[in-house]
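Just model_6.cif here, mmCIF, C-alpha atoms:
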```cif
data_final
loop_
_atom_site.label_atom_id
_atom_site.label_comp_id
_atom_site.auth_asym_id
_atom_site.auth_seq_id
_atom_site.Cartn_x
_atom_site.Cartn_y
_atom_site.Cartn_z
CA MET Q 1 1.59 5.85 -19.00
CA THR Q 2 -0.29 8.83 -17.60
CA ASP Q 3 0.42 10.78 -14.45
CA ALA Q 4 -3.08 12.29 -14.40
CA ALA Q 5 -5.32 12.41 -11.35
CA THR Q 6 -7.18 9.19 -10.68
CA PRO Q 7 -10.99 9.23 -10.49
CA LEU Q 8 -13.09 9.50 -7.35
CA GLU Q 9 -16.30 7.54 -7.86
CA ARG Q 10 -19.41 7.02 -5.79
CA ALA Q 11 -19.39 3.38 -4.71
CA PRO Q 12 -21.98 1.06 -6.25
CA ALA Q 13 -24.91 0.40 -3.93
CA GLY Q 14 -23.77 -3.18 -3.32
CA LEU Q 15 -20.49 -1.92 -1.87
CA ALA Q 16 -21.85 1.10 -0.06
CA GLY Q 17 -24.30 -0.78 2.14
CA GLY Q 18 -26.25 2.39 2.78
CA ARG Q 19 -23.15 4.50 3.48
CA ASP Q 20 -22.14 7.64 1.62
CA LEU Q 21 -19.15 5.78 0.23
CA TRP Q 22 -16.63 6.93 -2.37
CA LEU Q 23 -13.79 5.06 -4.05
CA LYS Q 24 -10.47 6.71 -4.90
CA ARG Q 25 -9.45 4.58 -7.87
CA GLU Q 26 -5.66 4.29 -7.69
CA ASP Q 27 -6.11 0.88 -9.29
CA LEU Q 28 -6.93 2.55 -12.62
CA HIS Q 29 -3.41 3.83 -13.24
CA PRO Q 30 -1.75 1.72 -15.97
CA LEU Q 31 0.56 0.22 -13.31
CA GLY Q 32 -2.51 -0.97 -11.43
CA ALA Q 33 -1.46 0.69 -8.16
CA PHE Q 34 -0.60 4.00 -6.49
CA LYS Q 35 3.13 3.44 -6.04
CA TRP Q 36 4.20 5.45 -9.11
CA ARG Q 37 3.34 8.63 -7.21
CA GLY Q 38 6.16 8.07 -4.75
CA ALA Q 39 8.68 6.36 -6.99
CA LEU Q 40 8.93 9.03 -9.67
CA PRO Q 41 9.92 11.99 -7.46
CA VAL Q 42 12.36 9.89 -5.43
CA LEU Q 43 14.12 8.60 -8.54
CA GLU Q 44 14.18 12.09 -10.03
CA ARG Q 45 16.04 13.23 -6.92
CA LEU Q 46 18.43 10.28 -7.05
CA ARG Q 47 19.21 10.93 -10.71
CA GLY Q 48 19.90 14.56 -9.85
CA GLU Q 49 22.36 13.32 -7.24
CA GLY Q 50 24.24 11.38 -9.92
CA ALA Q 51 22.75 7.89 -9.63
CA ASP Q 52 22.55 5.63 -12.67
CA THR Q 53 21.12 2.63 -10.77
CA VAL Q 54 18.62 2.35 -7.93
CA VAL Q 55 18.23 -0.58 -5.56
CA THR Q 56 15.04 -1.44 -3.70
CA ALA Q 57 13.03 -4.24 -2.12
CA SER Q 58 9.39 -4.98 -2.81
CA THR Q 59 6.59 -7.51 -2.83
CA GLY Q 60 5.71 -6.22 -6.29
CA ASN Q 61 3.90 -2.91 -6.75
CA HIS Q 62 6.69 -0.74 -5.37
CA GLY Q 63 9.25 -2.63 -7.45
CA ALA Q 64 7.16 -2.18 -10.58
CA ALA Q 65 6.83 1.54 -9.89
CA ALA Q 66 10.57 1.86 -9.32
CA ALA Q 67 11.25 0.07 -12.60
CA TRP Q 68 8.69 2.22 -14.43
CA ALA Q 69 10.18 5.43 -13.04
CA ALA Q 70 13.71 4.23 -13.77
CA GLY Q 71 12.74 3.55 -17.38
CA ARG Q 72 11.35 7.05 -17.76
CA LEU Q 73 14.48 8.59 -16.29
CA GLY Q 74 17.14 6.46 -17.97
CA LEU Q 75 18.13 4.59 -14.82
CA ALA Q 76 18.57 0.91 -14.04
CA ALA Q 77 16.48 -0.70 -11.29
CA VAL Q 78 17.54 -3.67 -9.16
CA VAL Q 79 14.64 -5.08 -7.16
CA TYR Q 80 15.01 -7.63 -4.38
CA ALA Q 81 11.75 -9.49 -3.82
CA PRO Q 82 10.65 -12.38 -1.59
CA GLU Q 83 10.90 -15.83 -3.09
CA ALA Q 84 7.10 -16.24 -2.99
CA THR Q 85 6.37 -13.01 -4.86
CA SER Q 86 3.11 -12.97 -6.81
CA ALA Q 87 3.61 -14.22 -10.37
CA THR Q 88 1.54 -11.31 -11.66
CA LYS Q 89 3.69 -8.74 -9.90
CA LEU Q 90 6.92 -10.53 -10.74
CA ALA Q 91 6.04 -10.49 -14.42
CA ARG Q 92 5.13 -6.79 -14.28
CA MET Q 93 8.46 -5.84 -12.68
CA ARG Q 94 10.41 -7.76 -15.30
CA GLU Q 95 8.34 -6.37 -18.17
CA LEU Q 96 9.22 -2.90 -16.96
CA GLY Q 97 12.93 -3.70 -17.07
CA ALA Q 98 13.77 -4.46 -13.44
CA ASP Q 99 16.63 -6.76 -12.57
CA VAL Q 100 14.60 -8.86 -10.11
CA ARG Q 101 16.41 -10.96 -7.52
CA LEU Q 102 14.36 -13.35 -5.39
CA VAL Q 103 15.67 -13.55 -1.83
CA GLY Q 104 14.11 -14.52 1.49
CA ALA Q 105 10.78 -15.46 2.96
CA ASP Q 106 9.37 -11.93 3.21
CA VAL Q 107 10.01 -8.36 2.12
CA ASP Q 108 12.13 -7.60 5.17
CA GLU Q 109 14.53 -10.43 4.37
CA ALA Q 110 14.62 -9.20 0.78
CA LYS Q 111 15.30 -5.69 2.07
CA ALA Q 112 18.30 -6.92 4.06
CA ALA Q 113 19.77 -8.32 0.82
CA ALA Q 114 19.04 -5.05 -0.97
CA VAL Q 115 20.80 -3.08 1.76
CA ALA Q 116 23.85 -5.35 1.50
CA PHE Q 117 23.96 -4.99 -2.29
CA ALA Q 118 23.62 -1.21 -2.10
CA GLU Q 119 26.45 -0.99 0.43
CA GLU Q 120 28.64 -3.26 -1.70
CA THR Q 121 28.08 -1.39 -4.96
CA GLY Q 122 27.50 2.16 -3.77
CA ALA Q 123 24.17 2.34 -5.59
CA PRO Q 124 21.52 4.29 -3.66
CA LEU Q 125 18.88 2.34 -1.77
CA PHE Q 126 15.28 3.40 -2.26
CA GLU Q 127 13.68 1.99 0.88
CA ASP Q 128 9.94 1.86 0.47
CA GLY Q 129 8.33 3.84 3.27
CA ALA Q 130 11.47 5.59 4.47
CA ASP Q 131 11.70 8.66 2.20
CA PRO Q 132 9.84 11.92 2.89
CA VAL Q 133 9.81 12.66 -0.84
CA GLN Q 134 7.73 9.51 -1.29
CA TYR Q 135 5.24 10.75 1.28
CA GLU Q 136 4.92 14.02 -0.61
CA GLY Q 137 4.03 12.06 -3.73
CA TYR Q 138 1.23 10.31 -1.87
CA ARG Q 139 -0.12 13.57 -0.46
CA ALA Q 140 -1.48 14.24 -3.93
CA ILE Q 141 -4.02 11.43 -3.49
CA ALA Q 142 -5.63 13.25 -0.57
CA ALA Q 143 -5.35 16.62 -2.30
CA GLU Q 144 -7.13 15.21 -5.34
CA LEU Q 145 -9.96 13.57 -3.44
CA LEU Q 146 -10.59 16.74 -1.45
CA GLU Q 147 -10.96 18.63 -4.72
CA GLN Q 148 -13.11 15.90 -6.27
CA LEU Q 149 -15.56 15.46 -3.39
CA PRO Q 150 -18.31 18.05 -2.91
CA SER Q 151 -17.50 18.33 0.80
CA ALA Q 152 -14.69 17.11 3.03
CA PRO Q 153 -15.19 13.45 3.97
CA ALA Q 154 -15.74 12.26 7.50
CA ALA Q 155 -13.05 9.61 7.05
CA VAL Q 156 -10.50 8.35 4.56
CA VAL Q 157 -9.78 4.63 4.94
CA VAL Q 158 -6.24 3.62 4.01
CA PRO Q 159 -4.65 0.15 3.84
CA VAL Q 160 -1.29 0.05 5.63
CA GLY Q 161 1.79 -2.01 4.95
CA ASN Q 162 4.89 0.07 5.71
CA GLY Q 163 2.75 3.18 6.21
CA ALA Q 164 4.05 5.42 3.40
CA LEU Q 165 0.66 5.81 1.72
CA LEU Q 166 -0.98 6.64 5.03
CA CYS Q 167 1.78 9.13 5.86
CA GLY Q 168 1.15 11.10 2.69
CA ILE Q 169 -2.63 11.08 3.04
CA ALA Q 170 -2.59 11.90 6.75
CA LEU Q 171 -0.15 14.77 6.26
CA GLU Q 172 -2.39 16.34 3.63
CA LEU Q 173 -5.58 15.83 5.62
CA ALA Q 174 -4.03 17.35 8.74
CA GLU Q 175 -3.24 20.49 6.78
CA ALA Q 176 -6.17 20.79 4.36
CA ALA Q 177 -9.05 18.99 6.13
CA PRO Q 178 -8.26 18.51 9.82
CA GLN Q 179 -11.87 17.49 10.51
CA THR Q 180 -11.38 14.36 8.37
CA ARG Q 181 -10.19 11.18 10.12
CA ALA Q 182 -7.48 9.12 8.52
CA VAL Q 183 -8.25 5.48 9.40
CA ALA Q 184 -5.46 2.91 9.13
CA VAL Q 185 -6.21 -0.69 8.16
CA VAL Q 186 -3.78 -3.54 8.80
CA ALA Q 187 -4.06 -7.26 8.32
CA ASP Q 188 -4.38 -9.26 11.53
CA ALA Q 189 -1.72 -11.49 10.02
CA ALA Q 190 0.65 -8.52 9.49
CA PRO Q 191 -0.08 -6.09 12.33
CA VAL Q 192 3.32 -4.44 12.80
CA MET Q 193 2.16 -0.86 12.22
CA ALA Q 194 -0.76 -1.23 14.65
CA LEU Q 195 1.61 -2.77 17.18
CA SER Q 196 4.08 0.07 16.68
CA HIS Q 197 1.34 2.62 17.21
CA ALA Q 198 0.28 0.90 20.44
CA ALA Q 199 3.90 0.67 21.64
CA GLY Q 200 4.73 4.25 20.72
CA ARG Q 201 7.84 3.09 18.87
CA PRO Q 202 8.85 0.99 15.86
CA VAL Q 203 8.66 -2.73 16.60
CA GLU Q 204 9.30 -5.99 14.79
CA SER Q 205 6.52 -8.54 14.58
CA ASP Q 206 7.02 -12.28 14.33
CA ARG Q 207 4.64 -12.60 11.38
CA CYS Q 208 3.52 -11.04 8.12
CA GLY Q 209 1.66 -14.00 6.62
CA THR Q 210 -1.17 -12.24 4.85
CA PHE Q 211 -2.28 -12.98 1.30
CA ALA Q 212 -2.59 -9.19 0.93
CA ASP Q 213 1.07 -8.91 -0.02
CA GLY Q 214 0.98 -5.12 -0.10
CA LEU Q 215 0.37 -5.25 3.66
CA ALA Q 216 2.93 -7.98 4.37
CA VAL Q 217 5.48 -6.05 6.44
CA ARG Q 218 7.18 -7.50 9.52
CA VAL Q 219 9.58 -4.71 10.54
CA ALA Q 220 8.24 -1.19 11.05
CA VAL Q 221 9.92 1.74 9.29
CA PRO Q 222 10.92 4.26 11.99
CA LEU Q 223 10.22 7.36 9.89
CA ALA Q 224 6.70 6.16 9.10
CA VAL Q 225 5.95 5.36 12.74
CA ALA Q 226 7.20 8.77 13.89
CA THR Q 227 5.31 10.60 11.15
CA LEU Q 228 2.02 8.87 11.89
CA ALA Q 229 2.16 9.11 15.69
CA PRO Q 230 0.59 12.59 15.94
CA LEU Q 231 -1.66 12.17 12.90
CA VAL Q 232 -3.48 8.82 13.10
CA ALA Q 233 -5.13 7.36 16.18
CA GLU Q 234 -7.40 4.75 14.62
CA TYR Q 235 -6.01 1.37 13.51
CA VAL Q 236 -8.42 -1.34 12.36
CA ARG Q 237 -7.29 -4.95 12.10
CA VAL Q 238 -9.02 -7.27 9.64
CA SER Q 239 -8.74 -11.03 9.22
CA GLU Q 240 -7.73 -12.88 6.08
CA ARG Q 241 -11.34 -14.00 5.67
CA GLU Q 242 -12.57 -10.41 5.89
CA ILE Q 243 -9.97 -9.33 3.33
CA ALA Q 244 -11.09 -12.10 0.97
CA ALA Q 245 -14.70 -11.05 1.43
CA GLY Q 246 -13.70 -7.52 0.53
CA VAL Q 247 -12.04 -8.72 -2.66
CA GLY Q 248 -15.19 -10.69 -3.44
CA ALA Q 249 -17.46 -7.71 -2.80
CA TYR Q 250 -15.44 -5.64 -5.23
CA ALA Q 251 -15.61 -8.45 -7.79
CA ALA Q 252 -19.39 -8.56 -7.48
CA ALA Q 253 -19.38 -4.85 -8.33
CA GLY Q 254 -17.21 -5.48 -11.39
CA ILE Q 255 -13.96 -4.22 -9.84
CA ARG Q 256 -10.88 -6.43 -9.63
CA VAL Q 257 -8.67 -5.60 -6.65
CA GLU Q 258 -5.79 -7.12 -4.74
CA GLY Q 259 -5.90 -8.03 -1.08
CA ALA Q 260 -4.75 -4.68 0.30
CA ALA Q 261 -7.69 -2.92 -1.36
CA GLY Q 262 -10.03 -5.61 -0.07
CA ALA Q 263 -8.75 -4.97 3.44
CA ALA Q 264 -9.71 -1.29 3.32
CA LEU Q 265 -13.23 -2.18 2.23
CA ALA Q 266 -13.52 -4.87 4.92
CA ALA Q 267 -12.62 -2.32 7.58
CA LEU Q 268 -15.87 -0.43 6.99
CA ASP Q 269 -17.68 -2.93 9.21
CA HIS Q 270 -15.51 -1.67 12.10
CA ILE Q 271 -15.82 2.08 11.48
CA ASP Q 272 -18.48 4.54 12.61
CA ALA Q 273 -18.55 7.77 10.62
CA GLU Q 274 -21.23 10.37 10.00
CA GLY Q 275 -20.84 11.67 6.48
CA PRO Q 276 -18.92 10.71 3.35
CA ILE Q 277 -16.27 7.99 3.61
CA VAL Q 278 -13.52 7.57 1.04
CA VAL Q 279 -11.80 4.22 0.61
CA ILE Q 280 -8.46 4.13 -1.17
CA VAL Q 281 -8.61 1.43 -3.85
CA CYS Q 282 -4.87 0.99 -3.78
CA GLY Q 283 -4.23 -1.73 -6.36
CA ALA Q 284 -5.51 -4.35 -8.77
CA ASN Q 285 -2.51 -6.65 -9.20
CA ILE Q 286 -3.50 -10.09 -7.97
CA ASP Q 287 -2.82 -13.57 -9.32
CA ASP Q 288 -5.79 -15.19 -11.06
CA ALA Q 289 -5.89 -18.26 -8.83
CA LEU Q 290 -5.76 -16.19 -5.64
CA HIS Q 291 -8.46 -13.85 -6.89
CA HIS Q 292 -10.66 -16.80 -7.81
CA ARG Q 293 -10.23 -18.33 -4.36
CA ALA Q 294 -11.03 -15.08 -2.59
CA VAL Q 295 -14.15 -14.57 -4.67
CA GLN Q 296 -15.42 -18.14 -4.65
CA ALA Q 297 -14.29 -19.40 -1.24
CA PRO Q 298 -13.59 -16.60 1.25
CA GLU Q 299 -14.37 -19.05 4.07
CA SER Q 300 -11.20 -20.96 3.09
CA PHE Q 301 -9.12 -18.13 4.57
CA PRO Q 302 -8.46 -17.87 8.33
CA GLY Q 303 -10.81 -15.88 10.51
CA ALA Q 304 -9.60 -13.40 13.09
CA ALA Q 305 -8.49 -15.84 15.77
CA ALA Q 306 -6.61 -18.09 13.36
CA ALA Q 307 -5.05 -15.14 11.57
CA ALA Q 308 -3.82 -13.62 14.81
CA GLY Q 309 -2.33 -16.64 16.54
CA PRO Q 310 0.53 -16.25 19.03
CA LEU Q 311 2.42 -13.01 18.64
CA SER Q 312 5.63 -11.56 19.93
CA VAL Q 313 7.29 -8.23 19.18
CA SER Q 314 10.71 -6.77 19.74
#
```

Give the structure from this file in structure tokens form.
Amino acid sequence: MTDAATPLERAPAGLAGGRDLWLKREDLHPLGAFKWRGALPVLERLRGEGADTVVTASTGNHGAAAAWAAGRLGLAAVVYAPEATSATKLARMRELGADVRLVGADVDEAKAAAVAFAEETGAPLFEDGADPVQYEGYRAIAAELLEQLPSAPAAVVVPVGNGALLCGIALELAEAAPQTRAVAVVADAAPVMALSHAAGRPVESDRCGTFADGLAVRVAVPLAVATLAPLVAEYVRVSEREIAAGVGAYAAAGIRVEGAAGAALAALDHIDAEGPIVVIVCGANIDDALHHRAVQAPESFPGAAAAAGPLSVS
């Protein structure tokens, strides 16, 4: 599998809707997602510290990247995943050699099991979103797109689960293109990072029930919240129906994406920007039945009010 730069492409007219829209195609990596960029340097560091096994928790793409990096480096990977993990992502993790253990209703419950196992065995925990080395890996996405685009974009639109991807991109933009806005996109059904931004501190939400499993985080990662606080002011919340419509719009353009990528596209209807806009196409790993439903029946997903529902934080 290659570690080469991913393409930046002008969006097809049907996606652009008259905007100067560009797609950063992280979905075209053989893993089908961007997560390899963070996993490889973290595992290289852990191996240098003497590890022979790494433990993590994931809804799929992060676990696959950890397994892929572990295979390259001669390490073992133990991945705790929610019981309802996507079949596509579950198969990918196992194909790449991960010891996958299904625990809990969401990634945060799976993470608690991973933490317990790491403490019991002494194996290092690779917590997705909580390692600065991971952020540095994701900075390369912004560095690449700035080199690939003729001029600095007005905005880069980034889907947000635990915030690691946004941390890397926002850090690079702040240094190399401070005139470019980093725009965060969360699911209405998994809004913990937007809530944390509004609260000025990490919070826990009472829900993360989005079909965009890459965004399905319930407990904010403190390092990500602290890193983003001075860098990103704009958080857009999109409904499940809007996410599905985004997946469908990509499909109509001949691009298969998962829900998190559809969310970033859906957010364009809520963003005003003069000049080029780059959307991060973060991943393509989605179950066939879910993709078919999103494409054929986006109205079957909840709209904003239904997706939001009652909410409490702590």

task = List the neighbours of Ala130 (chain Q) out to 8 Å using all atoms listed in the file; skip same-chain residues closer than 4 positions along the sequence, and give me the result as a ChimeraX atom specification.
result = /Q:134,164,221-224

query = Need the neighbours of (1.7, -2.4, 2.6): which residues are at most 7 Å away, counting only C-alpha atoms, as a VMD selection string?
reply = chain Q and resid 159 to 163 214 to 217

C-alpha atoms of the current selection, written as a short mmCIF file (atom, residue, chain, number, x, y, z; two decimals), keeping the file's coordinate frame:
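Dumped to out_36.cif:
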```
data_model
loop_
_atom_site.label_atom_id
_atom_site.label_comp_id
_atom_site.auth_asym_id
_atom_site.auth_seq_id
_atom_site.Cartn_x
_atom_site.Cartn_y
_atom_site.Cartn_z
CA PRO Q 159 -4.65 0.15 3.84
CA VAL Q 160 -1.29 0.05 5.63
CA GLY Q 161 1.79 -2.01 4.95
CA ASN Q 162 4.89 0.07 5.71
CA GLY Q 163 2.75 3.18 6.21
CA GLY Q 214 0.98 -5.12 -0.10
CA LEU Q 215 0.37 -5.25 3.66
CA ALA Q 216 2.93 -7.98 4.37
CA VAL Q 217 5.48 -6.05 6.44
#
```

For Ala123 (chain Q), the nearest of the candidates Q:Cys208, Q:Val78, Q:Leu96, Q:Val42, counting all atoms listed in the file =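 So, comparing all the options, the nearest one is Q:Val78.
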
inquiry  = At a cut-off of 10 Å, using only C-alpha atoms, what residues contact Ala253 (chain Q)? Leave out same-chain residues fewer than 4 positions from it and give the result as an MDAnalysis selection string.
reply    = chainID Q and resid 11:15 248:249

Saved selection, atoms kept: C-alpha atoms, as a PDB file, in the coordinates of the input:
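Wrote again_31.pdb, looks like this:
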```
ATOM      1  CA  ALA Q  11     -19.390   3.380  -4.710  1.00  0.00           C
ATOM      2  CA  PRO Q  12     -21.980   1.060  -6.250  1.00  0.00           C
ATOM      3  CA  ALA Q  13     -24.910   0.400  -3.930  1.00  0.00           C
ATOM      4  CA  GLY Q  14     -23.770  -3.180  -3.320  1.00  0.00           C
ATOM      5  CA  LEU Q  15     -20.490  -1.920  -1.870  1.00  0.00           C
ATOM      6  CA  GLY Q 248     -15.190 -10.690  -3.440  1.00  0.00           C
ATOM      7  CA  ALA Q 249     -17.460  -7.710  -2.800  1.00  0.00           C
TER       8      ALA Q 249
END
```

inquiry  = Using all atoms listed in the file, which protein or nucleic acid residues come within 8 Å of Val247 (chain Q)? Drop anything in the same chain fewer than 5 positions from it, and give the result as a ChimeraX atom specification.
reply    = /Q:256-259,261-263,291,294-295

message = Under the rule that only C-alpha atoms are counted, which of Q:Ala4, Q:Val183, Q:Ala113, Q:Ile286 is the nearest residue to Ala140 (chain Q)?
response =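 Closest residue, counting only C-alpha atoms: Q:Ala4.
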
Result set, the PyMOL selection byres ((chain Q and resi 192) around 9) on current file, as a PyMOL selection string = chain Q and resi 161-162+186+190-191+193-197+202-208+217-220+313

Selected residues written out, C-alpha atoms, as an mmCIF file, in the coordinates of the input:
```cif
data_model
loop_
_atom_site.group_PDB
_atom_site.id
_atom_site.type_symbol
_atom_site.label_atom_id
_atom_site.label_comp_id
_atom_site.auth_asym_id
_atom_site.auth_seq_id
_atom_site.Cartn_x
_atom_site.Cartn_y
_atom_site.Cartn_z
ATOM 1 C CA GLY Q 161 1.790 -2.010 4.950
ATOM 2 C CA ASN Q 162 4.890 0.070 5.710
ATOM 3 C CA VAL Q 186 -3.780 -3.540 8.800
ATOM 4 C CA ALA Q 190 0.650 -8.520 9.490
ATOM 5 C CA PRO Q 191 -0.080 -6.090 12.330
ATOM 6 C CA MET Q 193 2.160 -0.860 12.220
ATOM 7 C CA ALA Q 194 -0.760 -1.230 14.650
ATOM 8 C CA LEU Q 195 1.610 -2.770 17.180
ATOM 9 C CA SER Q 196 4.080 0.070 16.680
ATOM 10 C CA HIS Q 197 1.340 2.620 17.210
ATOM 11 C CA PRO Q 202 8.850 0.990 15.860
ATOM 12 C CA VAL Q 203 8.660 -2.730 16.600
ATOM 13 C CA GLU Q 204 9.300 -5.990 14.790
ATOM 14 C CA SER Q 205 6.520 -8.540 14.580
ATOM 15 C CA ASP Q 206 7.020 -12.280 14.330
ATOM 16 C CA ARG Q 207 4.640 -12.600 11.380
ATOM 17 C CA CYS Q 208 3.520 -11.040 8.120
ATOM 18 C CA VAL Q 217 5.480 -6.050 6.440
ATOM 19 C CA ARG Q 218 7.180 -7.500 9.520
ATOM 20 C CA VAL Q 219 9.580 -4.710 10.540
ATOM 21 C CA ALA Q 220 8.240 -1.190 11.050
ATOM 22 C CA VAL Q 313 7.290 -8.230 19.180
#
```

ask   = Mind telling me what the PyMOL selection byres ((chain Q and resi 66) around 12) catches here, as a ChimeraX atom specification?
value = /Q:31,34-44,46,53-58,60-65,67-80,92-94,96-100,125-128,134

remark   = CA of Thr85 (chain Q) sits from CA of Asp188 (chain Q) at a separation of 20.0 Å

ask   = Written as a ChimeraX atom specification, which residues does the PyMOL selection byres ((chain Q and resi 243) around 6) give for the file shown?
value = /Q:240-242,244-246,262-263,266

ask   = For Ala177 (chain Q), which residue among Q:Pro298, Q:Phe211, Q:Ala251, Q:Ala142 is the nearest when counting only C-alpha atoms?
value =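 The answer is Q:Ala142, which sits nearest to Ala177 (chain Q).
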
request  = Give the answer as one residue: which of Q:Ala233, Q:Leu290, Q:Leu173, Q:Ile255 has the shortest atom-to-atom distance to Arg139 (chain Q), using only C-alpha atoms?
outcome  = Q:Leu173

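CA of Gly17 (chain Q) is positioned 20.4 Å from CA of Pro150 (chain Q).
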
query = So how many Å separate CA of Arg293 (chain Q) and CA of Ala212 (chain Q), to one decimal?
reply = 13.0 Å

Using all atoms of region 248-261 of chain Q that appear in the file, construct an axis-aligned enclosing box with 6 Å of padding on every side and provide its centre coordinates and edge lengths in Å, rounded to one decimal, as lines of an AutoDock Vina configuration file.
```
center_x = -12.1
center_y = -6.8
center_z = -5.5
size_x = 26.6
size_y = 19.8
size_z = 23.7
```

key: Residue with smallest distance to Val185 (chain Q) - pool Q:Leu171, Q:Ala81, Q:Ala33, Q:Ala260, counting only C-alpha atoms   =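 Using only C-alpha atoms, Val185 (chain Q) sits closest to Q:Ala260.
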